[in-house]
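Colleague: Take a look at run-v9.txt, compact mmCIF, C-alpha atoms:
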```
# COMPACT_ATOMS: atom_id res chain seq x y z
CA MET J 1 27.81 19.06 -21.47
CA PRO J 2 28.19 18.00 -17.83
CA ARG J 3 28.40 14.30 -17.10
CA LYS J 4 25.10 14.14 -15.24
CA MET J 5 23.14 15.26 -18.27
CA ARG J 6 24.48 12.50 -20.51
CA TYR J 7 23.26 9.73 -18.26
CA MET J 8 19.56 9.33 -17.54
CA LEU J 9 20.14 7.16 -14.49
CA ASP J 10 23.32 7.84 -12.58
CA ALA J 11 24.08 6.00 -9.34
CA LYS J 12 27.31 7.03 -7.67
CA ASP J 13 29.35 5.24 -4.99
CA LEU J 14 26.37 3.47 -3.47
CA ALA J 15 26.73 1.57 -0.21
CA CYS J 16 24.11 -0.47 1.57
CA GLU J 17 23.91 -1.70 5.13
CA ARG J 18 21.45 -4.21 6.48
CA GLY J 19 21.48 -4.28 10.25
CA GLU J 20 25.14 -3.95 11.20
CA ARG J 21 26.41 -5.67 8.08
CA ARG J 22 27.70 -3.78 5.07
CA LEU J 23 26.36 -5.55 2.00
CA PHE J 24 28.28 -3.57 -0.59
CA SER J 25 30.02 -0.26 -1.04
CA ASP J 26 31.36 1.90 -3.88
CA ILE J 27 28.93 0.55 -6.45
CA SER J 28 28.42 2.89 -9.39
CA LEU J 29 26.11 2.45 -12.30
CA ALA J 30 25.10 4.77 -15.10
CA LEU J 31 22.66 4.23 -17.94
CA LYS J 32 22.03 6.07 -21.19
CA PRO J 33 18.96 5.45 -23.35
CA GLY J 34 19.11 1.87 -24.58
CA GLY J 35 21.44 0.86 -21.75
CA PHE J 36 21.14 -2.45 -19.98
CA ALA J 37 22.64 -3.39 -16.61
CA ARG J 38 22.69 -6.86 -15.12
CA LEU J 39 23.21 -7.19 -11.37
CA LEU J 40 25.07 -10.36 -10.40
CA GLY J 41 25.97 -11.81 -7.04
CA ALA J 42 25.44 -14.69 -4.66
CA ASN J 43 22.35 -15.00 -2.46
CA GLY J 44 22.41 -12.25 0.12
CA SER J 45 24.99 -10.16 -1.70
CA GLY J 46 22.54 -7.25 -1.97
CA LYS J 47 21.16 -7.45 -5.52
CA THR J 48 17.61 -6.79 -4.38
CA SER J 49 18.79 -4.05 -2.02
CA LEU J 50 20.63 -2.32 -4.85
CA LEU J 51 17.55 -2.52 -7.06
CA ARG J 52 15.39 -1.11 -4.24
CA ILE J 53 17.86 1.76 -3.84
CA LEU J 54 17.59 2.48 -7.57
CA ALA J 55 13.79 2.39 -7.25
CA GLY J 56 13.93 4.92 -4.41
CA LEU J 57 12.44 2.51 -1.86
CA THR J 58 15.58 2.14 0.26
CA ARG J 59 17.94 4.93 1.21
CA PRO J 60 21.58 4.09 0.45
CA ALA J 61 24.02 4.20 3.41
CA ALA J 62 26.28 6.27 1.18
CA GLY J 63 26.20 7.68 -2.33
CA GLU J 64 23.30 9.00 -4.36
CA VAL J 65 21.06 8.15 -7.26
CA LEU J 66 20.30 10.76 -9.90
CA TRP J 67 17.53 10.57 -12.47
CA ARG J 68 17.87 13.13 -15.28
CA GLY J 69 20.39 14.88 -13.03
CA GLU J 70 18.06 15.19 -10.06
CA LYS J 71 18.26 13.36 -6.76
CA LEU J 72 15.59 10.68 -6.29
CA GLY J 73 14.42 12.08 -2.97
CA ASP J 74 13.60 15.43 -4.61
CA ILE J 75 11.40 14.15 -7.43
CA ALA J 76 9.17 11.64 -5.56
CA GLU J 77 6.23 10.56 -7.74
CA GLY J 78 7.71 12.26 -10.81
CA TYR J 79 10.15 9.33 -10.88
CA GLY J 80 7.24 6.91 -10.59
CA ARG J 81 5.83 8.21 -13.86
CA GLU J 82 9.02 7.17 -15.67
CA MET J 83 10.10 4.04 -13.80
CA LEU J 84 8.59 0.60 -13.46
CA TYR J 85 9.76 -1.52 -10.54
CA LEU J 86 8.82 -5.18 -10.23
CA GLY J 87 9.95 -6.68 -6.95
CA HIS J 88 9.99 -10.20 -5.54
CA ALA J 89 6.33 -10.06 -4.56
CA PRO J 90 4.15 -10.09 -7.68
CA ALA J 91 1.76 -7.39 -6.33
CA VAL J 92 -1.23 -9.35 -7.58
CA LYS J 93 -4.29 -9.16 -5.32
CA ASP J 94 -6.19 -12.41 -4.75
CA GLU J 95 -9.55 -10.67 -4.51
CA LEU J 96 -9.31 -9.09 -7.97
CA SER J 97 -9.41 -10.73 -11.37
CA VAL J 98 -6.24 -10.96 -13.47
CA ALA J 99 -7.48 -8.17 -15.77
CA GLU J 100 -8.52 -5.93 -12.84
CA ASN J 101 -5.10 -6.41 -11.26
CA LEU J 102 -3.33 -5.39 -14.46
CA MET J 103 -5.64 -2.42 -15.01
CA PHE J 104 -5.01 -1.16 -11.46
CA SER J 105 -1.23 -1.56 -11.72
CA ALA J 106 -1.16 0.28 -15.03
CA ARG J 107 -3.24 3.18 -13.67
CA LEU J 108 -0.96 3.31 -10.62
CA SER J 109 1.95 3.88 -13.01
CA GLY J 110 -0.05 6.62 -14.69
CA ILE J 111 -0.86 4.53 -17.78
CA ALA J 112 -4.51 4.73 -18.85
CA ALA J 113 -4.85 1.31 -20.47
CA SER J 114 -8.05 0.27 -22.22
CA ASN J 115 -9.62 -3.17 -21.76
CA ASP J 116 -8.29 -4.19 -25.17
CA GLN J 117 -4.77 -3.10 -24.31
CA CYS J 118 -4.92 -5.08 -21.06
CA ARG J 119 -6.08 -8.16 -22.93
CA MET J 120 -3.26 -7.76 -25.45
CA ALA J 121 -0.75 -7.35 -22.65
CA LEU J 122 -1.95 -10.58 -21.07
CA GLU J 123 -1.80 -12.26 -24.51
CA ALA J 124 1.81 -11.10 -24.78
CA LEU J 125 2.58 -13.20 -21.71
CA GLY J 126 0.43 -16.08 -22.98
CA ILE J 127 -2.28 -15.78 -20.33
CA GLY J 128 -4.99 -13.96 -22.26
CA ASN J 129 -7.44 -16.75 -21.39
CA LEU J 130 -6.95 -16.13 -17.64
CA ALA J 131 -8.07 -12.47 -17.80
CA PRO J 132 -11.50 -12.88 -16.16
CA LEU J 133 -10.34 -15.36 -13.52
CA SER J 134 -9.79 -14.47 -9.89
CA ALA J 135 -6.07 -14.20 -9.16
CA ARG J 136 -6.60 -16.60 -6.25
CA VAL J 137 -6.63 -19.60 -8.61
CA LEU J 138 -3.33 -18.75 -10.32
CA SER J 139 -0.27 -20.93 -9.97
CA GLN J 140 3.06 -19.41 -8.94
CA GLY J 141 4.23 -19.12 -12.55
CA GLN J 142 0.92 -17.74 -13.79
CA ARG J 143 0.96 -15.14 -11.02
CA ARG J 144 4.45 -14.15 -12.11
CA ARG J 145 3.25 -13.85 -15.71
CA ALA J 146 0.30 -11.72 -14.58
CA ALA J 147 2.77 -9.38 -12.84
CA LEU J 148 5.06 -9.24 -15.87
CA ALA J 149 2.15 -8.40 -18.18
CA ARG J 150 2.69 -4.86 -16.89
CA LEU J 151 5.83 -4.73 -19.05
CA ALA J 152 3.71 -4.92 -22.19
CA LEU J 153 1.79 -1.82 -21.03
CA ALA J 154 4.82 0.03 -19.65
CA VAL J 155 6.03 1.11 -23.10
CA PRO J 156 5.99 4.84 -22.18
CA LEU J 157 8.13 4.31 -19.07
CA PRO J 158 11.82 4.65 -19.99
CA LEU J 159 13.31 2.79 -17.00
CA TRP J 160 12.50 -0.76 -15.95
CA LEU J 161 13.90 -2.25 -12.74
CA LEU J 162 13.18 -5.97 -12.57
CA ASP J 163 13.99 -8.25 -9.64
CA GLU J 164 14.46 -11.85 -10.79
CA PRO J 165 11.98 -11.52 -13.68
CA PHE J 166 12.72 -15.04 -14.91
CA ALA J 167 12.17 -16.83 -11.60
CA ALA J 168 9.36 -19.41 -11.64
CA LEU J 169 8.87 -19.00 -15.41
CA ASP J 170 8.92 -21.77 -18.02
CA GLU J 171 10.93 -21.60 -21.27
CA ASN J 172 8.01 -20.15 -23.19
CA ALA J 173 7.42 -17.32 -20.71
CA ILE J 174 11.14 -16.57 -20.47
CA SER J 175 11.36 -16.02 -24.21
CA ARG J 176 8.26 -13.79 -24.12
CA VAL J 177 9.72 -11.61 -21.33
CA ARG J 178 13.04 -11.53 -23.15
CA ALA J 179 11.32 -10.30 -26.29
CA LEU J 180 9.58 -7.52 -24.34
CA ALA J 181 12.86 -6.49 -22.71
CA GLU J 182 14.74 -6.44 -26.01
CA ALA J 183 11.99 -4.40 -27.69
CA HIS J 184 12.15 -1.97 -24.75
CA LEU J 185 15.92 -1.57 -25.14
CA ALA J 186 15.63 -1.21 -28.91
CA ARG J 187 13.13 1.65 -28.36
CA GLY J 188 15.77 3.43 -26.28
CA GLY J 189 14.45 2.29 -22.91
CA MET J 190 16.72 1.34 -20.04
CA LEU J 191 16.70 -1.89 -18.08
CA VAL J 192 18.29 -3.03 -14.84
CA LEU J 193 17.68 -6.60 -13.75
CA THR J 194 18.87 -9.16 -11.27
CA SER J 195 18.92 -12.74 -12.40
CA HIS J 196 20.34 -16.09 -11.41
CA GLN J 197 19.67 -17.56 -14.81
CA GLU J 198 21.94 -16.63 -17.68
CA VAL J 199 19.29 -15.27 -19.98
CA PRO J 200 20.99 -13.49 -22.87
CA ILE J 201 19.45 -10.13 -23.67
CA ALA J 202 20.54 -8.30 -26.79
CA ALA J 203 21.39 -4.70 -26.03
CA GLY J 204 23.62 -2.10 -27.61
CA ASN J 205 25.22 -1.25 -24.32
CA THR J 206 25.43 -3.90 -21.60
CA GLN J 207 27.14 -3.54 -18.26
CA THR J 208 27.47 -6.04 -15.47
CA VAL J 209 27.59 -5.09 -11.83
CA ASN J 210 29.04 -7.90 -9.76
CA LEU J 211 28.29 -7.66 -6.07
CA GLY J 212 30.42 -10.74 -5.35
CA VAL J 213 29.70 -13.10 -2.51
CA MET N 1 -4.46 13.84 -6.93
CA THR N 2 -8.22 13.22 -7.10
CA ALA N 3 -7.74 10.61 -9.81
CA ALA N 4 -5.26 8.77 -7.56
CA ILE N 5 -7.67 8.89 -4.61
CA VAL N 6 -10.55 7.56 -6.72
CA LEU N 7 -8.33 4.82 -8.20
CA VAL N 8 -7.15 3.43 -4.86
CA LEU N 9 -10.49 3.97 -3.11
CA ARG N 10 -12.32 2.00 -5.81
CA ARG N 11 -9.83 -0.83 -5.61
CA ASP N 12 -9.95 -1.03 -1.81
CA LEU N 13 -13.76 -0.99 -1.78
CA LEU N 14 -13.85 -3.69 -4.46
CA VAL N 15 -11.47 -5.84 -2.41
CA ALA N 16 -13.55 -5.21 0.73
CA LEU N 17 -16.73 -6.10 -1.17
CA ARG N 18 -15.20 -9.45 -2.10
CA ARG N 19 -14.09 -10.05 1.49
CA LYS N 20 -17.32 -9.11 3.20
CA GLY N 21 -16.47 -11.35 6.16
CA ASP N 22 -13.78 -8.97 7.40
CA ALA N 23 -16.09 -5.97 7.77
CA LEU N 24 -18.90 -8.14 9.08
CA ASN N 25 -16.70 -9.64 11.82
CA VAL N 26 -15.85 -6.16 13.10
CA LEU N 27 -19.53 -5.23 13.22
CA ILE N 28 -20.55 -8.43 15.01
CA PHE N 29 -17.71 -7.96 17.49
CA PHE N 30 -19.01 -4.45 18.24
CA VAL N 31 -22.55 -5.72 18.82
CA ILE N 32 -21.36 -8.54 21.08
CA VAL N 33 -19.12 -6.27 23.21
CA ALA N 34 -21.91 -3.73 23.65
CA SER N 35 -24.37 -6.49 24.54
CA LEU N 36 -22.13 -8.08 27.17
CA PHE N 37 -22.21 -5.13 29.57
CA PRO N 38 -25.87 -5.37 30.63
CA LEU N 39 -25.26 -9.05 31.39
CA GLY N 40 -22.46 -8.11 33.76
CA THR N 41 -23.86 -4.96 35.33
CA GLY N 42 -27.52 -5.94 35.68
CA ALA N 43 -30.45 -4.55 33.71
CA GLU N 44 -31.46 -1.60 35.90
CA PRO N 45 -32.74 0.97 33.31
CA GLY N 46 -31.33 4.08 34.97
CA GLN N 47 -27.88 2.54 35.32
CA LEU N 48 -27.89 1.23 31.74
CA ARG N 49 -28.81 4.65 30.41
CA ALA N 50 -25.94 6.18 32.39
CA ILE N 51 -23.28 3.78 31.07
CA ALA N 52 -24.68 3.51 27.50
CA ALA N 53 -22.52 6.16 25.83
CA GLY N 54 -19.30 4.98 27.46
CA VAL N 55 -19.93 1.32 26.68
CA ILE N 56 -20.85 1.96 23.05
CA TRP N 57 -17.82 4.16 22.54
CA VAL N 58 -15.40 1.69 24.11
CA GLY N 59 -16.99 -1.03 21.96
CA ALA N 60 -16.45 1.10 18.87
CA LEU N 61 -12.80 1.75 19.81
CA LEU N 62 -12.12 -1.95 20.28
CA ALA N 63 -13.92 -2.86 17.06
CA ALA N 64 -11.93 -0.23 15.15
CA LEU N 65 -8.75 -1.61 16.69
CA LEU N 66 -9.68 -5.11 15.54
CA SER N 67 -9.86 -3.93 11.94
CA LEU N 68 -6.52 -2.09 11.89
CA PRO N 69 -3.99 -4.90 11.31
CA ARG N 70 -5.57 -5.59 7.89
CA LEU N 71 -5.25 -2.00 6.74
CA PHE N 72 -1.70 -2.23 5.33
CA ALA N 73 -0.48 -5.73 6.22
CA ALA N 74 -2.24 -7.50 3.33
CA ASP N 75 -0.88 -4.97 0.82
CA LEU N 76 2.59 -5.32 2.31
CA ALA N 77 2.49 -9.11 2.05
CA ASP N 78 1.50 -9.27 -1.61
CA GLY N 79 3.73 -6.41 -2.75
CA THR N 80 1.00 -3.91 -3.69
CA LEU N 81 2.07 -1.50 -0.95
CA GLU N 82 5.55 -1.35 -2.46
CA GLN N 83 4.01 -0.66 -5.86
CA MET N 84 1.91 2.16 -4.44
CA VAL N 85 4.97 3.81 -2.87
CA VAL N 86 7.05 3.70 -6.09
CA SER N 87 4.06 4.56 -8.29
CA ALA N 88 3.29 7.70 -10.24
CA GLN N 89 0.65 8.62 -7.67
CA PRO N 90 1.44 10.84 -4.66
CA LEU N 91 1.69 8.75 -1.49
CA PRO N 92 -0.58 11.07 0.58
CA ALA N 93 -3.35 10.53 -2.00
CA VAL N 94 -2.92 6.76 -1.75
CA VAL N 95 -3.01 6.94 2.05
CA VAL N 96 -6.09 9.21 2.09
CA ALA N 97 -7.87 6.72 -0.16
CA LYS N 98 -6.91 3.74 1.99
CA ILE N 99 -8.04 5.49 5.19
CA ALA N 100 -11.29 6.58 3.52
CA ALA N 101 -11.93 3.01 2.40
CA HIS N 102 -11.22 1.79 5.93
CA TRP N 103 -13.70 4.28 7.36
CA LEU N 104 -16.37 3.43 4.78
CA THR N 105 -16.06 -0.29 5.51
CA THR N 106 -15.70 -0.14 9.32
CA GLY N 107 -16.32 3.33 10.81
CA LEU N 108 -19.48 4.07 8.87
CA PRO N 109 -21.19 0.70 9.64
CA LEU N 110 -20.21 1.12 13.31
CA ALA N 111 -21.77 4.60 13.34
CA LEU N 112 -24.95 3.38 11.67
CA ILE N 113 -25.45 0.51 14.09
CA ALA N 114 -24.55 2.53 17.23
CA PRO N 115 -28.03 4.11 17.62
CA LEU N 116 -29.54 0.61 17.48
CA LEU N 117 -27.35 -0.42 20.40
CA GLY N 118 -28.27 2.85 22.13
CA LEU N 119 -31.89 1.82 21.81
CA GLN N 120 -31.02 -1.41 23.62
CA TYR N 121 -29.75 0.73 26.50
CA GLY N 122 -32.95 2.75 26.58
CA LEU N 123 -31.46 6.02 25.30
CA PRO N 124 -34.14 8.59 24.33
CA GLY N 125 -34.53 9.77 20.71
CA ASP N 126 -32.51 12.99 20.88
CA ALA N 127 -29.63 11.23 22.68
CA LEU N 128 -29.63 8.59 19.91
CA LEU N 129 -29.24 11.33 17.30
CA VAL N 130 -26.37 12.87 19.26
CA LEU N 131 -24.78 9.39 19.54
CA LEU N 132 -25.05 8.93 15.75
CA GLY N 133 -23.51 12.35 15.13
CA ALA N 134 -20.72 11.79 17.63
CA VAL N 135 -19.77 8.37 16.26
CA LEU N 136 -19.93 9.71 12.68
CA LEU N 137 -17.50 12.49 13.65
CA GLY N 138 -15.34 10.28 15.86
CA THR N 139 -14.77 7.19 13.73
CA PRO N 140 -12.77 9.03 11.03
CA VAL N 141 -10.46 10.12 13.86
CA LEU N 142 -10.07 6.46 14.85
CA SER N 143 -9.28 5.52 11.23
CA LEU N 144 -6.69 8.31 10.91
CA ILE N 145 -4.89 7.66 14.20
CA GLY N 146 -5.28 3.92 13.72
CA ALA N 147 -3.71 4.07 10.25
CA ALA N 148 -0.62 5.76 11.69
CA GLY N 149 -0.42 3.06 14.38
CA ALA N 150 -0.89 0.26 11.85
CA ALA N 151 1.79 1.75 9.59
CA LEU N 152 4.25 2.15 12.46
CA THR N 153 3.91 -1.50 13.50
CA LEU N 154 3.99 -2.83 9.94
CA GLY N 155 6.10 -5.96 9.61
CA VAL N 156 6.76 -6.13 13.36
CA ARG N 157 6.06 -9.38 15.21
CA GLY N 158 2.95 -9.08 17.37
CA ALA N 159 1.87 -6.04 15.37
CA ALA N 160 -1.81 -6.31 16.36
CA VAL N 161 -1.14 -6.05 20.11
CA LEU N 162 1.46 -3.36 19.61
CA THR N 163 -0.97 -1.31 17.52
CA GLY N 164 -3.44 -1.48 20.39
CA LEU N 165 -0.92 -0.31 22.95
CA LEU N 166 0.11 2.49 20.62
CA VAL N 167 -3.25 3.88 19.52
CA LEU N 168 -5.69 3.16 22.37
CA PRO N 169 -4.25 5.99 24.54
CA LEU N 170 -4.54 8.28 21.52
CA PHE N 171 -8.20 7.34 21.15
CA VAL N 172 -8.93 8.82 24.62
CA PRO N 173 -9.91 12.35 23.47
CA ALA N 174 -12.39 10.91 20.95
CA LEU N 175 -13.84 8.72 23.71
CA VAL N 176 -14.12 11.57 26.19
CA PHE N 177 -15.80 14.05 23.84
CA GLY N 178 -17.87 11.40 22.05
CA ALA N 179 -19.32 9.86 25.19
CA GLY N 180 -19.48 13.32 26.79
CA ALA N 181 -21.78 14.60 24.04
CA VAL N 182 -24.33 11.85 24.72
CA THR N 183 -24.10 12.23 28.50
CA ALA N 184 -24.57 15.99 28.15
CA SER N 185 -27.66 15.52 26.02
CA LEU N 186 -29.04 13.05 28.61
CA SER N 187 -28.66 15.60 31.38
CA GLY N 188 -30.32 18.31 29.29
CA ILE N 189 -27.15 20.23 28.38
CA ALA N 190 -26.55 21.17 24.74
CA PRO N 191 -24.10 18.63 23.18
CA GLY N 192 -22.84 21.23 20.70
CA PRO N 193 -19.52 22.02 22.42
CA HIS N 194 -18.60 18.33 22.68
CA LEU N 195 -19.40 17.77 19.02
CA SER N 196 -17.42 20.88 18.04
CA LEU N 197 -14.44 19.53 19.95
CA LEU N 198 -14.81 16.19 18.14
CA GLY N 199 -14.84 18.13 14.86
CA ALA N 200 -11.71 20.00 15.92
CA LEU N 201 -10.09 16.68 16.80
CA LEU N 202 -10.89 15.42 13.30
CA ALA N 203 -9.44 18.59 11.75
CA VAL N 204 -6.20 18.10 13.69
CA SER N 205 -5.84 14.36 13.18
CA LEU N 206 -6.39 14.62 9.41
CA PRO N 207 -3.06 16.27 8.54
CA LEU N 208 -1.16 14.71 11.46
CA GLY N 209 -2.47 11.19 10.81
CA LEU N 210 -1.71 11.46 7.09
CA TRP N 211 1.77 12.78 7.64
CA ALA N 212 2.61 10.15 10.27
CA THR N 213 1.19 7.33 8.15
CA CYS N 214 3.14 8.35 5.03
CA ALA N 215 6.37 8.68 7.00
CA ALA N 216 5.84 5.33 8.76
CA LEU N 217 5.09 3.54 5.48
CA ARG N 218 8.30 4.81 3.91
CA VAL N 219 10.26 3.61 6.94
CA ALA N 220 8.48 0.23 6.92
CA LEU N 221 9.46 -0.35 3.28
CA ASP N 222 13.05 0.90 3.64
```
Take the structure I supplied and represent it as structure tokens, if you would.
Modeller:
Amino acid sequence: MPRKMRYMLDAKDLACERGERRLFSDISLALKPGGFARLLGANGSGKTSLLRILAGLTRPAAGEVLWRGEKLGDIAEGYGREMLYLGHAPAVKDELSVAENLMFSARLSGIAASNDQCRMALEALGIGNLAPLSARVLSQGQRRRAALARLALAVPLPLWLLDEPFAALDENAISRVRALAEAHLARGGMLVLTSHQEVPIAAGNTQTVNLGV
Amino acid sequence: MTAAIVLVLRRDLLVALRRKGDALNVLIFFVIVASLFPLGTGAEPGQLRAIAAGVIWVGALLAALLSLPRLFAADLADGTLEQMVVSAQPLPAVVVAKIAAHWLTTGLPLALIAPLLGLQYGLPGDALLVLLGAVLLGTPVLSLIGAAGAALTLGVRGAAVLTGLLVLPLFVPALVFGAGAVTASLSGIAPGPHLSLLGALLAVSLPLGLWATCAALRVALD
């Protein structure tokens, strides 16, 4: 069987330039079902850029990303049905309630979640009581939790790309997100995350990509 | 595709409903601009009737322009735009829905209030109907071209001014045919050809505006 078929996500020799500066080059990363990759590096080393390349938002200066053996540019929204990307910005709209925000995000990912499922997802992050409130009144950490509640609904999506998922979270929330991530990996899902905190995540197959300084 | 359009359209209308001030400001701005001209030019009925169509159209262009910076900037700032681009929904469907929501919350109210302003200028009944039809056909063109301009200037400093410089020249055909239809009807000529040209303009700007907006959004997020 050719190499590309064994790996679900296969990023080869990626390079990224911001302005005139080369952030990184020759970064490769490949994930099989159940695989977990942690992106490490100092501030400004390109962790977020690498994650955005994997999500198909940014074009790499060199190299390519394959999903199920196909180039990202060729599969467009087909990739969106299988991948969940959570960036720096929580993507929570002030004008909508916490539950409405979650419902919209889930539908955007092609997940038809019921009201009950949304409530359970919010419970999983410990903010079930905030469901009817306007997102405007949320604190930074609560907003983050509201964004991460999508993970509880994103069970059918095999690939999760999370940018600093533990930032602004308290101990309790960190352990809840960790549990969701570990359950995802145990189901055979794949996870790529950037993190400053050393949060241990149990996975059968862990790789670390160090982007250096 | 339709499900994606309905999803984003419903969300955008819900957000607009909870931020009524935004749409209302645009409408009030339109009324004020259109009401300023008689104060400056004098209230001679014949002259007012002659400038009515032009003034109302320019007012509508400026009001539409005023509403453009909000179209994508808020979604960019809170991260929802990024989510829409990486989502399972086709980007053209998302963009169609956002433009439709923009038209429903700004273009449509502008079109509905335009005949009222025409009445202020002493336009006769049939010219008012032509004005309504022309603005109804023309405002979607403004939303489509405007969306491309707003997407191109996304994240740029001074985006609002830049959007104006970019799209106002492109609004000229809509202005010419839109105001021309009313003027034609005033001088007893059938406004049909002008309205047909506005319709043709809409048919051309629909695919072009969509394509340009999608491409610009991808570049803005790169």
Colleague: Compile the residues of chain N that lie within 9 Å of chain J, evaluated using all atoms listed in the file, and express the compilation as an MDAnalysis selection string.
Modeller: chainID N and resid 4 7:8 11 14:16 18:19 75:91 218:219 221:222
Colleague: Excluding same-chain residues fewer than 4 positions from Asp126 (chain N), what lies within 10 Å of it counting only C-alpha atoms, as a list in words?
Modeller: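 Skipping anything fewer than 4 positions along the chain leaves Val130, Leu131, Leu132, Val182, Ser185 and Leu186 of chain N.
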Colleague: Of the residues N:Ser67, N:Gln120, N:Gln47, N:Thr105, which is the one nearest to Val31 (chain N), using all atoms listed in the file?
Modeller: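 Nearest candidate to Val31 (chain N) out of N:Ser67, N:Gln120, N:Gln47, N:Thr105: N:Gln120.
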Colleague: Rounded to one decimal in Å, what is the spacing between CA of Leu166 (chain N) and CA of Gly21 (chain N)?
Modeller: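 The value is 26.0 Å.
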Colleague: Just the residues within 9 Å of Thr208 (chain J), please, counting all atoms listed in the file, with nothing from its chain fewer than 4 positions along; format it as a PyMOL selection string.
Modeller: chain J and resi 36-40
Colleague: Just the residues within 12 Å of Arg22 (chain J), please, counting all atoms listed in the file, with nothing from its chain fewer than 2 positions along; format it as an mmCIF file with C-alpha atoms, in the frame of the given file.
Modeller:
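New file selection.cif:
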```
data_model
loop_
_atom_site.group_PDB
_atom_site.id
_atom_site.type_symbol
_atom_site.label_atom_id
_atom_site.label_comp_id
_atom_site.auth_asym_id
_atom_site.auth_seq_id
_atom_site.Cartn_x
_atom_site.Cartn_y
_atom_site.Cartn_z
ATOM 1 C CA LEU J 14 26.370 3.470 -3.470
ATOM 2 C CA ALA J 15 26.730 1.570 -0.210
ATOM 3 C CA CYS J 16 24.110 -0.470 1.570
ATOM 4 C CA GLU J 17 23.910 -1.700 5.130
ATOM 5 C CA ARG J 18 21.450 -4.210 6.480
ATOM 6 C CA GLY J 19 21.480 -4.280 10.250
ATOM 7 C CA GLU J 20 25.140 -3.950 11.200
ATOM 8 C CA PHE J 24 28.280 -3.570 -0.590
ATOM 9 C CA SER J 25 30.020 -0.260 -1.040
ATOM 10 C CA ASP J 26 31.360 1.900 -3.880
ATOM 11 C CA GLY J 44 22.410 -12.250 0.120
ATOM 12 C CA SER J 45 24.990 -10.160 -1.700
ATOM 13 C CA GLY J 46 22.540 -7.250 -1.970
ATOM 14 C CA SER J 49 18.790 -4.050 -2.020
ATOM 15 C CA PRO J 60 21.580 4.090 0.450
ATOM 16 C CA ALA J 61 24.020 4.200 3.410
ATOM 17 C CA ALA J 62 26.280 6.270 1.180
ATOM 18 C CA LEU J 211 28.290 -7.660 -6.070
#
```
Colleague: Would you mind listing what lies within 7 Å of Leu110 (chain N) as a PDB file with C-alpha atoms, in the frame of the given file, with all atoms listed in the file counted and same-chain residues fewer than 4 positions away left out?
Modeller:
```pdb
ATOM      1  CA  LEU N  27     -19.530  -5.230  13.220  1.00  0.00           C
ATOM      2  CA  ALA N  60     -16.450   1.100  18.870  1.00  0.00           C
ATOM      3  CA  THR N 106     -15.700  -0.140   9.320  1.00  0.00           C
ATOM      4  CA  ALA N 114     -24.550   2.530  17.230  1.00  0.00           C
TER       5      ALA N 114
END
```
Colleague: Need to verify the contact set: Lys98 (chain N), 9 Å, all atoms listed in the file, exclusion of same-chain residues closer than 2 positions in sequence. Can you return it as a PyMOL selection string?
Modeller: chain N and resi 5+8-9+12+71-72+93-96+100-103+147
Colleague: In Å to one decimal, how far is CA of Ala202 (chain J) from CA of Cys118 (chain J)?
Modeller: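 Going from CA of Cys118 (chain J) over to CA of Ala202 (chain J) covers 26.3 Å.
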Colleague: Restricting the calculation to all atoms listed in the file, which member of N:Gly125, N:Gly42, N:Gly209, N:Gly107 is positioned closest to Leu152 (chain N)?
Modeller: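 For Leu152 (chain N), the nearest of the given residues is N:Gly209.
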Colleague: Dump as an MDAnalysis selection string all residues having an atom at most 10 Å from (-19.2, 14.8, 20.4), computed in the file's coordinates with only C-alpha atoms.
Modeller: chainID N and resid 130:138 174:184 191:199 201
Colleague: Rank N:Ala43, N:Ala73, N:Ala220, N:Leu62 by their smallest atom-to-atom distance to Tyr121 (chain N), using all atoms listed in the file, and report the top residue only.
Modeller: N:Ala43
Colleague: Calculate how many Å separate CA of Trp67 (chain J) from CA of Leu157 (chain J), rounding to one decimal.
Modeller: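 Result for CA of Trp67 (chain J) versus CA of Leu157 (chain J): 13.1 Å, one decimal.
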Colleague: Can you work out which one of N:Ala203, N:Val6, N:Ala127, N:Leu36 has the shortest atom-to-atom distance to Ala97 (chain N), counting all atoms listed in the file?
Modeller: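 The closest residue to Ala97 (chain N) is N:Val6.
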